>>> print(open('my_file.txt').read())   # compact mmCIF, C-alpha atoms and all ligand atoms
# COMPACT_ATOMS: atom_id res chain seq x y z
CA MET A 1 21.93 14.21 2.65
CA LYS A 2 25.24 12.49 2.06
CA TYR A 3 26.29 14.62 -0.93
CA ASN A 4 28.15 17.92 -0.76
CA LYS A 5 26.17 21.13 -1.14
CA ILE A 6 25.30 21.93 -4.77
CA ASN A 7 25.88 25.47 -6.06
CA ASN A 8 22.37 26.96 -6.24
CA LYS A 9 23.33 28.73 -9.49
CA LEU A 10 22.19 25.48 -11.09
CA PHE A 11 18.64 25.63 -9.75
CA ILE A 12 18.31 29.38 -10.38
CA LYS A 13 19.32 28.86 -14.01
CA ASN A 14 17.03 25.83 -14.40
CA ARG A 15 14.04 27.86 -13.22
CA LYS A 16 14.93 30.75 -15.51
CA ASP A 17 15.14 28.45 -18.54
CA PHE A 18 11.85 26.81 -17.57
CA ILE A 19 10.03 30.13 -17.13
CA ASN A 20 11.15 31.21 -20.60
CA GLU A 21 9.11 28.35 -22.07
CA LEU A 22 5.83 29.18 -20.29
CA ALA A 23 2.91 30.85 -22.03
CA SER A 24 2.35 34.39 -20.75
CA ASN A 25 0.71 34.87 -17.36
CA SER A 26 1.17 31.27 -16.23
CA ILE A 27 1.95 29.47 -13.02
CA ALA A 28 3.48 26.03 -12.48
CA PHE A 29 3.37 23.75 -9.44
CA PHE A 30 5.74 20.93 -8.50
CA ASN A 31 5.34 18.51 -5.61
CA SER A 32 7.72 16.28 -3.66
CA ASN A 33 7.29 12.54 -3.87
CA ASP A 34 5.51 10.74 -1.07
CA ILE A 35 7.41 8.60 1.36
CA TYR A 36 6.08 5.22 0.23
CA PRO A 37 4.64 2.85 2.86
CA ILE A 38 5.52 -0.83 3.19
CA SER A 39 3.16 -1.93 5.98
CA ALA A 40 2.64 -1.22 9.67
CA ASP A 41 4.82 1.85 10.24
CA SER A 42 7.56 0.85 7.78
CA THR A 43 8.42 2.99 4.79
CA LEU A 44 10.81 2.91 1.84
CA PRO A 45 13.66 5.42 1.93
CA PHE A 46 12.59 8.81 0.59
CA GLU A 47 13.42 9.60 -3.03
CA GLN A 48 12.75 13.13 -4.19
CA HIS A 49 10.79 13.71 -7.40
CA ARG A 50 13.47 14.65 -9.89
CA ASP A 51 11.62 17.66 -11.32
CA ILE A 52 11.20 19.59 -8.08
CA PHE A 53 14.80 18.71 -7.27
CA TYR A 54 15.98 19.91 -10.70
CA LEU A 55 14.18 23.23 -10.28
CA SER A 56 14.93 23.91 -6.62
CA GLY A 57 17.46 21.50 -5.08
CA ILE A 58 14.92 20.82 -2.33
CA ASP A 59 15.45 17.20 -1.32
CA GLN A 60 12.76 16.88 1.32
CA GLU A 61 9.28 15.37 1.48
CA GLU A 62 6.07 17.43 1.54
CA SER A 63 7.45 20.40 -0.42
CA ILE A 64 5.74 22.44 -3.13
CA LEU A 65 7.50 24.68 -5.63
CA VAL A 66 5.54 27.46 -7.32
CA ILE A 67 6.85 29.33 -10.36
CA SER A 68 4.98 32.20 -12.01
CA ASN A 69 5.69 34.59 -14.88
CA ASN A 70 2.91 37.07 -14.03
CA LYS A 71 4.54 40.47 -14.51
CA ASN A 72 2.54 42.15 -11.75
CA TYR A 73 2.94 39.41 -9.22
CA ASP A 74 5.21 40.06 -6.24
CA TYR A 75 6.39 36.51 -5.64
CA LYS A 76 7.49 34.85 -8.88
CA GLU A 77 8.97 31.87 -7.08
CA MET A 78 7.70 30.35 -3.86
CA LEU A 79 8.53 27.34 -1.81
CA PHE A 80 6.27 25.66 0.70
CA ILE A 81 8.09 23.29 3.02
CA ARG A 82 7.12 21.07 5.91
CA GLU A 83 6.98 23.00 9.15
CA THR A 84 9.39 21.58 11.62
CA ASN A 85 9.09 21.59 15.42
CA ASP A 86 10.81 20.20 18.49
CA HIS A 87 8.87 16.94 18.30
CA ILE A 88 9.88 16.29 14.65
CA VAL A 89 13.47 17.28 15.35
CA HIS A 90 13.56 14.90 18.34
CA TRP A 91 12.36 11.93 16.28
CA GLU A 92 13.55 12.64 12.74
CA GLY A 93 16.41 15.13 13.21
CA GLU A 94 16.81 18.51 11.60
CA LYS A 95 14.52 19.46 8.71
CA LEU A 96 15.06 22.44 6.41
CA THR A 97 14.52 25.82 8.00
CA LYS A 98 13.18 28.59 5.79
CA LYS A 99 16.64 30.12 5.66
CA GLU A 100 18.23 26.84 4.63
CA ALA A 101 15.58 26.30 1.96
CA THR A 102 16.51 29.72 0.54
CA GLU A 103 20.21 28.85 0.61
CA VAL A 104 19.66 25.54 -1.16
CA SER A 105 17.30 26.85 -3.83
CA GLY A 106 18.00 30.55 -4.28
CA ILE A 107 14.28 31.20 -3.63
CA ASN A 108 13.62 34.02 -1.17
CA THR A 109 9.93 33.42 -0.51
CA VAL A 110 9.53 30.34 1.68
CA HIS A 111 6.38 29.46 3.64
CA TRP A 112 5.35 26.52 5.76
CA LEU A 113 3.25 23.99 3.86
CA GLY A 114 0.27 24.59 6.15
CA GLU A 115 -0.15 28.02 4.58
CA PHE A 116 -0.39 26.73 1.02
CA ASP A 117 -4.17 26.47 0.75
CA ARG A 118 -4.50 30.05 1.90
CA PHE A 119 -2.49 31.14 -1.18
CA LEU A 120 -3.94 28.71 -3.71
CA ASP A 121 -7.18 30.49 -4.69
CA GLU A 122 -5.42 33.74 -5.29
CA LEU A 123 -2.60 32.10 -7.23
CA ILE A 124 -5.10 30.44 -9.56
CA LYS A 125 -7.18 33.61 -9.95
CA ASN A 126 -4.19 35.71 -10.99
CA HIS A 127 -2.99 33.44 -13.80
CA ASP A 128 -4.42 32.44 -17.18
CA ASN A 129 -2.72 29.02 -17.35
CA ILE A 130 -1.84 26.44 -14.71
CA TYR A 131 1.05 24.13 -15.57
CA ILE A 132 0.77 20.71 -13.95
CA ASN A 133 3.44 18.05 -13.91
CA THR A 134 2.20 14.76 -15.35
CA ASN A 135 4.59 11.88 -16.09
CA GLU A 136 5.10 11.84 -19.87
CA HIS A 137 8.26 9.69 -20.04
CA TYR A 138 8.32 7.34 -23.04
CA ARG A 139 8.81 4.32 -20.77
CA GLN A 140 6.54 5.36 -17.91
CA ASN A 141 4.27 2.59 -16.64
CA VAL A 142 3.09 3.63 -13.18
CA GLU A 143 0.04 2.38 -11.32
CA THR A 144 0.72 4.23 -8.09
CA GLU A 145 -1.03 7.53 -7.45
CA THR A 146 1.71 10.01 -6.65
CA ARG A 147 1.53 13.11 -4.46
CA GLU A 148 1.61 15.12 -7.69
CA ASP A 149 -1.37 13.12 -9.05
CA ARG A 150 -3.39 13.88 -5.90
CA PHE A 151 -2.50 17.53 -6.19
CA ILE A 152 -3.64 17.60 -9.84
CA LYS A 153 -6.92 15.91 -8.83
CA LYS A 154 -7.44 18.60 -6.22
CA LEU A 155 -6.89 21.35 -8.82
CA LYS A 156 -9.23 19.64 -11.28
CA LYS A 157 -12.00 19.71 -8.70
CA ILE A 158 -11.75 23.50 -8.53
CA GLY A 159 -12.88 23.84 -12.16
CA GLY A 160 -12.55 26.69 -14.66
CA ILE A 161 -8.78 26.29 -14.92
CA ASN A 162 -6.87 26.29 -18.19
CA PHE A 163 -4.35 23.45 -17.72
CA LYS A 164 -1.02 23.05 -19.52
CA LYS A 165 1.76 20.49 -19.10
CA SER A 166 5.19 21.22 -17.64
CA ASN A 167 6.61 17.86 -18.50
CA PRO A 168 7.22 18.35 -22.26
CA ILE A 169 9.26 21.46 -21.40
CA LEU A 170 11.30 19.57 -18.81
CA GLN A 171 11.79 16.57 -21.10
CA LYS A 172 13.70 18.83 -23.49
CA GLN A 173 15.37 21.02 -20.89
CA ARG A 174 16.62 18.20 -18.67
CA SER A 175 18.15 16.32 -21.61
CA ILE A 176 20.79 19.02 -22.04
CA LYS A 177 22.99 19.09 -18.99
CA ASP A 178 24.51 22.09 -17.25
CA PRO A 179 28.26 21.81 -16.52
CA ILE A 180 27.39 21.51 -12.79
CA GLU A 181 25.20 18.50 -13.60
CA ILE A 182 27.94 16.91 -15.71
CA GLU A 183 30.29 17.23 -12.71
CA LEU A 184 27.72 15.47 -10.50
CA ILE A 185 27.29 12.64 -13.02
CA LYS A 186 31.07 12.41 -13.28
CA LYS A 187 31.25 12.07 -9.51
CA ALA A 188 28.69 9.23 -9.65
CA CYS A 189 30.84 7.54 -12.33
CA GLU A 190 33.96 7.91 -10.16
CA ILE A 191 32.21 6.20 -7.26
CA THR A 192 31.10 3.39 -9.58
CA LYS A 193 34.73 3.03 -10.70
CA LYS A 194 35.85 2.60 -7.08
CA GLY A 195 33.23 -0.09 -6.60
CA PHE A 196 34.32 -1.94 -9.73
CA GLU A 197 38.00 -1.82 -8.77
CA ARG A 198 37.13 -3.28 -5.40
CA VAL A 199 35.18 -6.08 -7.10
CA LEU A 200 38.00 -6.86 -9.56
CA SER A 201 40.28 -7.90 -6.72
CA PHE A 202 37.46 -9.62 -4.81
CA VAL A 203 35.95 -11.98 -7.40
CA LYS A 204 37.05 -15.62 -7.41
CA PRO A 205 35.36 -18.97 -8.03
CA GLY A 206 32.85 -19.84 -5.32
CA ILE A 207 31.84 -16.26 -4.57
CA TRP A 208 28.10 -15.51 -4.54
CA GLU A 209 26.52 -12.84 -6.70
CA TYR A 210 25.13 -11.06 -3.61
CA GLU A 211 28.62 -10.87 -2.13
CA ILE A 212 29.69 -8.88 -5.17
CA GLU A 213 26.63 -6.65 -4.76
CA ALA A 214 27.69 -6.06 -1.15
CA GLU A 215 31.20 -4.99 -2.23
CA PHE A 216 29.74 -2.37 -4.56
CA SER A 217 27.34 -1.21 -1.88
CA HIS A 218 30.14 -0.83 0.67
CA GLU A 219 32.23 1.29 -1.67
CA PHE A 220 29.26 3.42 -2.76
CA LEU A 221 28.15 4.30 0.75
CA ARG A 222 31.60 5.23 1.98
CA ASN A 223 31.88 7.63 -0.98
CA LYS A 224 28.68 9.58 -0.25
CA SER A 225 26.40 7.72 -2.62
CA LYS A 226 23.20 6.83 -0.78
CA ARG A 227 22.57 3.75 -2.93
CA PHE A 228 22.58 2.05 -6.32
CA ALA A 229 21.18 4.29 -9.04
CA TYR A 230 18.98 1.34 -10.13
CA ASN A 231 18.57 -2.30 -9.16
CA PRO A 232 22.02 -3.82 -9.67
CA ILE A 233 22.38 -6.78 -12.02
CA ILE A 234 25.06 -9.24 -10.91
CA ALA A 235 24.56 -12.06 -13.38
CA SER A 236 26.96 -15.00 -13.58
CA GLY A 237 26.89 -17.81 -16.13
CA ILE A 238 23.48 -18.34 -17.73
CA ASN A 239 22.03 -15.40 -15.76
CA SER A 240 24.05 -13.03 -17.97
CA ASN A 241 21.51 -13.76 -20.71
CA TYR A 242 18.61 -12.43 -18.64
CA LEU A 243 18.51 -8.71 -19.35
CA HIS A 244 16.76 -7.64 -16.14
CA TYR A 245 18.14 -10.31 -13.79
CA ILE A 246 18.24 -8.79 -10.28
CA LYS A 247 17.98 -11.80 -7.97
CA ASN A 248 21.76 -11.87 -7.55
CA ASN A 249 21.63 -15.14 -5.62
CA LYS A 250 23.74 -17.63 -7.57
CA GLN A 251 27.22 -18.92 -6.78
CA CYS A 252 29.81 -18.00 -9.41
CA GLN A 253 31.69 -20.92 -10.95
CA SER A 254 35.13 -21.07 -12.54
CA GLY A 255 34.86 -20.77 -16.33
CA GLU A 256 31.75 -18.57 -16.18
CA ILE A 257 31.60 -14.86 -16.83
CA ILE A 258 29.79 -12.33 -14.60
CA LEU A 259 27.84 -9.51 -16.20
CA MET A 260 27.57 -6.59 -13.78
CA ASP A 261 25.22 -3.73 -14.66
CA VAL A 262 25.75 -1.45 -11.69
CA GLY A 263 25.89 2.28 -11.05
CA ALA A 264 26.18 4.52 -8.02
CA GLU A 265 23.91 7.52 -7.59
CA TYR A 266 25.37 10.78 -6.34
CA ALA A 267 23.22 13.76 -5.34
CA ASN A 268 20.29 12.04 -7.12
CA TYR A 269 22.30 11.80 -10.35
CA SER A 270 22.85 8.37 -11.90
CA SER A 271 25.76 6.58 -13.36
CA ASP A 272 25.11 3.46 -15.42
CA MET A 273 27.94 1.01 -16.05
CA THR A 274 28.15 -2.56 -17.33
CA ARG A 275 31.29 -4.68 -17.19
CA THR A 276 31.57 -8.40 -17.90
CA ILE A 277 34.44 -10.26 -16.26
CA PRO A 278 35.63 -13.88 -15.95
CA VAL A 279 35.01 -15.54 -12.56
CA ASN A 280 38.48 -17.11 -12.49
CA GLY A 281 40.30 -14.08 -13.86
CA ARG A 282 40.84 -15.43 -17.40
CA PHE A 283 38.39 -15.33 -20.30
CA THR A 284 38.10 -18.48 -22.44
CA THR A 285 38.95 -18.08 -26.12
CA ARG A 286 35.25 -18.09 -27.03
CA GLN A 287 34.38 -15.53 -24.36
CA LYS A 288 37.21 -13.32 -25.66
CA THR A 289 35.86 -13.50 -29.23
CA ILE A 290 32.38 -12.40 -28.18
CA TYR A 291 33.73 -9.81 -25.75
CA GLN A 292 35.92 -8.23 -28.42
CA ALA A 293 32.99 -8.08 -30.85
CA VAL A 294 30.88 -6.20 -28.27
CA LEU A 295 33.76 -3.88 -27.49
CA ASN A 296 34.28 -3.14 -31.20
CA VAL A 297 30.62 -2.22 -31.61
CA LYS A 298 30.75 -0.07 -28.49
CA LYS A 299 33.77 1.88 -29.72
CA ILE A 300 32.30 2.59 -33.16
CA ALA A 301 28.86 3.38 -31.72
CA THR A 302 30.40 5.92 -29.32
CA GLU A 303 31.97 7.80 -32.22
CA LEU A 304 28.53 8.19 -33.80
CA LEU A 305 27.19 10.21 -30.87
CA ARG A 306 27.56 13.69 -32.30
CA PRO A 307 25.40 16.81 -32.58
CA GLY A 308 22.80 16.65 -35.33
CA VAL A 309 22.44 12.86 -35.33
CA LEU A 310 18.94 11.48 -34.74
CA TRP A 311 18.42 8.83 -32.06
CA LYS A 312 16.55 6.63 -34.56
CA ASP A 313 19.26 6.83 -37.26
CA PHE A 314 21.94 6.16 -34.65
CA HIS A 315 20.21 2.91 -33.68
CA ILE A 316 19.90 1.80 -37.32
CA GLU A 317 23.61 2.45 -37.85
CA VAL A 318 24.62 0.56 -34.71
CA GLY A 319 22.44 -2.33 -35.92
CA ASN A 320 24.51 -2.41 -39.13
CA ILE A 321 27.76 -2.39 -37.17
CA MET A 322 26.52 -5.19 -34.91
CA THR A 323 25.44 -7.19 -37.97
CA SER A 324 28.91 -7.02 -39.46
CA GLU A 325 30.53 -8.12 -36.15
CA LEU A 326 28.08 -11.03 -35.83
CA LEU A 327 28.93 -12.09 -39.40
CA LYS A 328 32.66 -11.92 -38.62
CA ILE A 329 32.34 -14.21 -35.60
CA GLY A 330 29.98 -16.60 -37.39
CA LEU A 331 26.87 -16.08 -35.26
CA LEU A 332 25.10 -14.84 -38.40
CA ASN A 333 25.57 -16.01 -41.98
CA LYS A 334 24.58 -14.83 -45.45
CA VAL A 335 21.27 -16.69 -45.37
CA ASP A 336 20.30 -14.93 -42.13
CA ILE A 337 20.97 -11.60 -43.85
CA GLN A 338 18.99 -12.59 -46.95
CA ASN A 339 16.03 -13.54 -44.75
CA GLN A 340 16.05 -10.47 -42.54
CA THR A 341 13.46 -7.72 -42.87
CA LYS A 342 13.55 -4.08 -41.87
CA LYS A 343 11.18 -4.85 -39.02
CA LYS A 344 13.08 -7.96 -37.95
CA PRO A 345 16.81 -7.51 -38.56
CA ALA A 346 18.88 -10.66 -38.05
CA TYR A 347 21.13 -9.11 -35.38
CA LYS A 348 18.14 -8.79 -33.01
CA LYS A 349 18.45 -12.52 -32.25
CA TYR A 350 21.61 -11.73 -30.28
CA PHE A 351 21.15 -8.04 -29.43
CA SER A 352 17.54 -7.25 -28.60
CA HIS A 353 17.76 -4.02 -26.59
CA GLY A 354 18.61 -0.42 -27.45
CA THR A 355 22.18 0.85 -27.63
CA SER A 356 21.75 4.13 -25.80
CA HIS A 357 19.48 6.07 -23.52
CA HIS A 358 19.76 9.53 -22.02
CA MET A 359 21.01 9.61 -18.45
CA GLY A 360 20.95 12.08 -15.60
CA LEU A 361 18.61 12.58 -12.66
CA ASP A 362 16.79 9.49 -13.89
CA THR A 363 18.83 6.54 -15.15
CA HIS A 364 16.56 6.42 -18.18
CA ASP A 365 16.44 10.17 -18.31
CA TYR A 366 14.15 12.66 -19.96
CA CYS A 367 14.59 13.46 -23.61
CA ASP A 368 12.67 14.19 -26.76
CA LEU A 369 13.74 11.34 -29.04
CA ASP A 370 12.75 13.32 -32.12
CA ILE A 371 15.24 16.12 -31.58
CA PRO A 372 18.79 15.57 -32.88
CA PHE A 373 21.62 15.05 -30.40
CA GLU A 374 23.09 18.21 -28.95
CA LYS A 375 26.18 19.23 -27.06
CA ASN A 376 25.99 18.32 -23.34
CA MET A 377 23.49 15.52 -23.69
CA VAL A 378 24.61 12.55 -21.59
CA LEU A 379 23.95 9.09 -23.00
CA THR A 380 24.92 5.51 -22.33
CA VAL A 381 26.49 3.26 -24.96
CA GLU A 382 25.64 -0.35 -24.16
CA PRO A 383 25.76 -2.99 -26.85
CA GLY A 384 25.58 -6.64 -25.92
CA ILE A 385 25.61 -10.11 -27.45
CA TYR A 386 23.56 -12.77 -25.67
CA ILE A 387 23.88 -16.42 -26.71
CA MET A 388 21.37 -18.66 -24.97
CA GLU A 389 22.78 -21.81 -26.67
CA GLU A 390 26.23 -21.13 -25.25
CA GLY A 391 25.00 -20.14 -21.80
CA PHE A 392 26.37 -16.62 -21.57
CA GLY A 393 25.91 -13.02 -22.66
CA ILE A 394 28.23 -10.04 -22.71
CA ARG A 395 27.30 -6.38 -22.37
CA LEU A 396 29.58 -3.37 -21.96
CA GLU A 397 28.27 0.05 -20.99
CA ASP A 398 29.79 3.50 -20.48
CA ASP A 399 28.30 6.97 -20.04
CA VAL A 400 29.34 9.73 -22.44
CA VAL A 401 28.80 13.47 -22.92
CA ILE A 402 28.20 14.76 -26.45
CA ASN A 403 30.67 17.48 -27.48
CA GLU A 404 30.17 20.31 -29.93
CA ASN A 405 32.86 18.86 -32.19
CA GLY A 406 34.56 15.50 -32.38
CA SER A 407 34.17 12.41 -30.22
CA PRO A 408 32.04 12.47 -27.09
CA THR A 409 33.74 12.53 -23.70
CA ASN A 410 33.61 9.12 -22.07
CA LEU A 411 32.98 9.65 -18.34
CA MET A 412 34.03 6.03 -17.74
CA ALA A 413 37.17 6.10 -19.88
CA ASN A 414 39.28 5.23 -16.84
CA ILE A 415 37.26 2.17 -15.79
CA PRO A 416 39.03 -0.99 -17.05
CA ILE A 417 37.32 -2.47 -20.11
CA GLU A 418 39.98 -3.95 -22.44
CA ILE A 419 40.40 -7.74 -22.07
CA GLU A 420 44.06 -7.42 -20.99
CA GLU A 421 43.24 -4.68 -18.45
CA ILE A 422 40.54 -6.82 -16.86
CA GLU A 423 42.69 -9.95 -16.70
CA GLU A 424 45.68 -8.02 -15.39
CA SER A 425 43.64 -6.35 -12.62
CA MET A 426 42.18 -9.70 -11.59
CA ASN A 427 45.50 -11.48 -11.40
N1 LIG B 1 20.86 -0.44 -16.00
C1 LIG B 1 19.81 -0.08 -16.83
C2 LIG B 1 20.26 0.16 -18.18
O1 LIG B 1 21.39 -0.14 -18.52
O2 LIG B 1 19.56 0.69 -18.99
MN MN B 2 23.02 -0.33 -17.24
MN MN B 3 21.84 1.77 -19.43
>>> encode(input="my_file.txt", output="structure tokens", more="lines below")
Ligand code: GLY
Ligand code: MN
Ligand code: MN
Amino acid sequence: MKYNKINNKLFIKNRKDFINELASNSIAFFNSNDIYPISADSTLPFEQHRDIFYLSGIDQEESILVISNNKNYDYKEMLFIRETNDHIVHWEGEKLTKKEATEVSGINTVHWLGEFDRFLDELIKNHDNIYINTNEHYRQNVETETREDRFIKKLKKIGGINFKKSNPILQKQRSIKDPIEIELIKKACEITKKGFERVLSFVKPGIWEYEIEAEFSHEFLRNKSKRFAYNPIIASGINSNYLHYIKNNKQCQSGEIILMDVGAEYANYSSDMTRTIPVNGRFTTRQKTIYQAVLNVKKIATELLRPGVLWKDFHIEVGNIMTSELLKIGLLNKVDIQNQTKKKPAYKKYFSHGTSHHMGLDTHDYCDLDIPFEKNMVLTVEPGIYIMEEGFGIRLEDDVVINENGSPTNLMANIPIEIEEIEESMN
């Protein structure tokens, strides 16, 4: 792991909060992700399942976390980890020892994974409900069978079990961040800032989008981020209109803008930033007009992120703000407004995506969209205006923490965003 050790107070507290939500006499299981194959003996880099990480800090493949609230049960929390040996150490390096697993997680009962099946029957017998961890995210669209899915299949074959779902509990719990988590997200944002500053002095006409990607990557790795938190978008000229452009293989020309939607991960926590800059260091008058409109919307939208506000109402309000900016700059007119419907507001022609999503261990993090915003939720604010006819789009994105009172805290407040700041840094 490249990141510094995390205080295990976090994982102990996360488990305690989770247990409080379980029905009486229940047990929950959480599995590591698989290491995904490519072909032959190649694999993708390991990425831990965020739920087992959130509840234990264990960042290693082939691990199982068991949590029980049975009052008479000796071991309320158990970890099963991959047994290491000289052969594995020789080829793969050190794996977690039992003692290290306890230090990381705060869990005292640690067994080798090979012993798991020996415990399973008894664990099931002694509990009335078994909590399994299905993927219930509102955007989930997964064809792959995960390690967790295989584990659930195995349990379902046993029969006679009363199943419940862990995920709805975690969706709510994970959306409100602990101060330790906010520090980790902040750290990811700081690394992203370093990458952006490096890029500001690097960009000039003739540079290729992948060269910019490489600059970010260099700065991320040397600051203990293992990689981008999501596929980076380095989109110059017309590409800035393509919301999920990730080819990053075009040469950047003078007069174009570059939209960069890039974030470092740190300790599995995401940051999610978008900045749009001019290739030659100076925005054209038209680019400035659109840029300022996006920035205005972003500033007002940020102020709306307060406790008690509903995600749905927030988006309606930001739509109104965007509409008024689009009218001001002449992209919409009165007729467009007269013809718009609730289902198809006029602003959607230029701004078709959402303004905010929760952020944390997943870039599009867990949340229950029906519960009002609360203190310590972390969200992005990311309005954009995309004009196909004019060959460019502008998006600006920061990550903020909702406060009990007043404006949210912008974790990216110190990353240049004003037009003058950007131009000054580039020249
Ligand atoms: N980078 C993904 C997003 O902004 O939602
Ligand atoms: Mn983004
Ligand atoms: Mn985002």
>>> residues_near_ligand(input="my_file.txt", ligand="ligand LIG 1 (chain B)", cutoff="7 Å", atoms="only C-alpha atoms and all ligand atoms", output="mmCIF file with C-alpha atoms, keeping the file's coordinate frame")
data_model
loop_
_atom_site.group_PDB
_atom_site.id
_atom_site.type_symbol
_atom_site.label_atom_id
_atom_site.label_comp_id
_atom_site.auth_asym_id
_atom_site.auth_seq_id
_atom_site.Cartn_x
_atom_site.Cartn_y
_atom_site.Cartn_z
ATOM 1 C CA TYR A 230 18.980 1.340 -10.130
ATOM 2 C CA ASP A 261 25.220 -3.730 -14.660
ATOM 3 C CA VAL A 262 25.750 -1.450 -11.690
ATOM 4 C CA ASP A 272 25.110 3.460 -15.420
ATOM 5 C CA THR A 363 18.830 6.540 -15.150
ATOM 6 C CA HIS A 364 16.560 6.420 -18.180
#
>>> residues_around(input="my_file.txt", residues="range 313-316 of chain A", least_positions_apart="6", cutoff="9 Å", atoms="only C-alpha atoms", output="PyMOL selection string")
chain A and resi 301+304-305+354-356
>>> closest_residue(input="my_file.txt", among="A:Asn339, A:Asn333, A:Asn414, A:Thr276", to="ligand MN 2 (chain B)", atoms="all atoms listed in the file")
A:Thr276
>>> residues_near_ligand(input="my_file.txt", ligand="ligand MN 3 (chain B)", cutoff="12 Å", atoms="all atoms listed in the file", output="PyMOL selection string")
chain A and resi 229-233+243-244+260-263+270-275+353-360+362-365+378-384+395-400
>>> write_last_selection(input="my_file.txt", atoms="C-alpha atoms", output="PDB file, keeping the file's coordinate frame")
ATOM      1  CA  ALA A 229      21.180   4.290  -9.040  1.00  0.00           C
ATOM      2  CA  TYR A 230      18.980   1.340 -10.130  1.00  0.00           C
ATOM      3  CA  ASN A 231      18.570  -2.300  -9.160  1.00  0.00           C
ATOM      4  CA  PRO A 232      22.020  -3.820  -9.670  1.00  0.00           C
ATOM      5  CA  ILE A 233      22.380  -6.780 -12.020  1.00  0.00           C
ATOM      6  CA  LEU A 243      18.510  -8.710 -19.350  1.00  0.00           C
ATOM      7  CA  HIS A 244      16.760  -7.640 -16.140  1.00  0.00           C
ATOM      8  CA  MET A 260      27.570  -6.590 -13.780  1.00  0.00           C
ATOM      9  CA  ASP A 261      25.220  -3.730 -14.660  1.00  0.00           C
ATOM     10  CA  VAL A 262      25.750  -1.450 -11.690  1.00  0.00           C
ATOM     11  CA  GLY A 263      25.890   2.280 -11.050  1.00  0.00           C
ATOM     12  CA  SER A 270      22.850   8.370 -11.900  1.00  0.00           C
ATOM     13  CA  SER A 271      25.760   6.580 -13.360  1.00  0.00           C
ATOM     14  CA  ASP A 272      25.110   3.460 -15.420  1.00  0.00           C
ATOM     15  CA  MET A 273      27.940   1.010 -16.050  1.00  0.00           C
ATOM     16  CA  THR A 274      28.150  -2.560 -17.330  1.00  0.00           C
ATOM     17  CA  ARG A 275      31.290  -4.680 -17.190  1.00  0.00           C
ATOM     18  CA  HIS A 353      17.760  -4.020 -26.590  1.00  0.00           C
ATOM     19  CA  GLY A 354      18.610  -0.420 -27.450  1.00  0.00           C
ATOM     20  CA  THR A 355      22.180   0.850 -27.630  1.00  0.00           C
ATOM     21  CA  SER A 356      21.750   4.130 -25.800  1.00  0.00           C
ATOM     22  CA  HIS A 357      19.480   6.070 -23.520  1.00  0.00           C
ATOM     23  CA  HIS A 358      19.760   9.530 -22.020  1.00  0.00           C
ATOM     24  CA  MET A 359      21.010   9.610 -18.450  1.00  0.00           C
ATOM     25  CA  GLY A 360      20.950  12.080 -15.600  1.00  0.00           C
ATOM     26  CA  ASP A 362      16.790   9.490 -13.890  1.00  0.00           C
ATOM     27  CA  THR A 363      18.830   6.540 -15.150  1.00  0.00           C
ATOM     28  CA  HIS A 364      16.560   6.420 -18.180  1.00  0.00           C
ATOM     29  CA  ASP A 365      16.440  10.170 -18.310  1.00  0.00           C
ATOM     30  CA  VAL A 378      24.610  12.550 -21.590  1.00  0.00           C
ATOM     31  CA  LEU A 379      23.950   9.090 -23.000  1.00  0.00           C
ATOM     32  CA  THR A 380      24.920   5.510 -22.330  1.00  0.00           C
ATOM     33  CA  VAL A 381      26.490   3.260 -24.960  1.00  0.00           C
ATOM     34  CA  GLU A 382      25.640  -0.350 -24.160  1.00  0.00           C
ATOM     35  CA  PRO A 383      25.760  -2.990 -26.850  1.00  0.00           C
ATOM     36  CA  GLY A 384      25.580  -6.640 -25.920  1.00  0.00           C
ATOM     37  CA  ARG A 395      27.300  -6.380 -22.370  1.00  0.00           C
ATOM     38  CA  LEU A 396      29.580  -3.370 -21.960  1.00  0.00           C
ATOM     39  CA  GLU A 397      28.270   0.050 -20.990  1.00  0.00           C
ATOM     40  CA  ASP A 398      29.790   3.500 -20.480  1.00  0.00           C
ATOM     41  CA  ASP A 399      28.300   6.970 -20.040  1.00  0.00           C
ATOM     42  CA  VAL A 400      29.340   9.730 -22.440  1.00  0.00           C
TER      43      VAL A 400
END
>>> atom_distance(input="my_file.txt", atom1="CA of Thr102 in chain A", atom2="CA of Tyr73 in chain A")
19.3 Å
>>> residues_around(input="my_file.txt", residues="Lys9 in chain A", least_positions_apart="6", cutoff="12 Å", atoms="all atoms listed in the file", output="count of residues only")
15
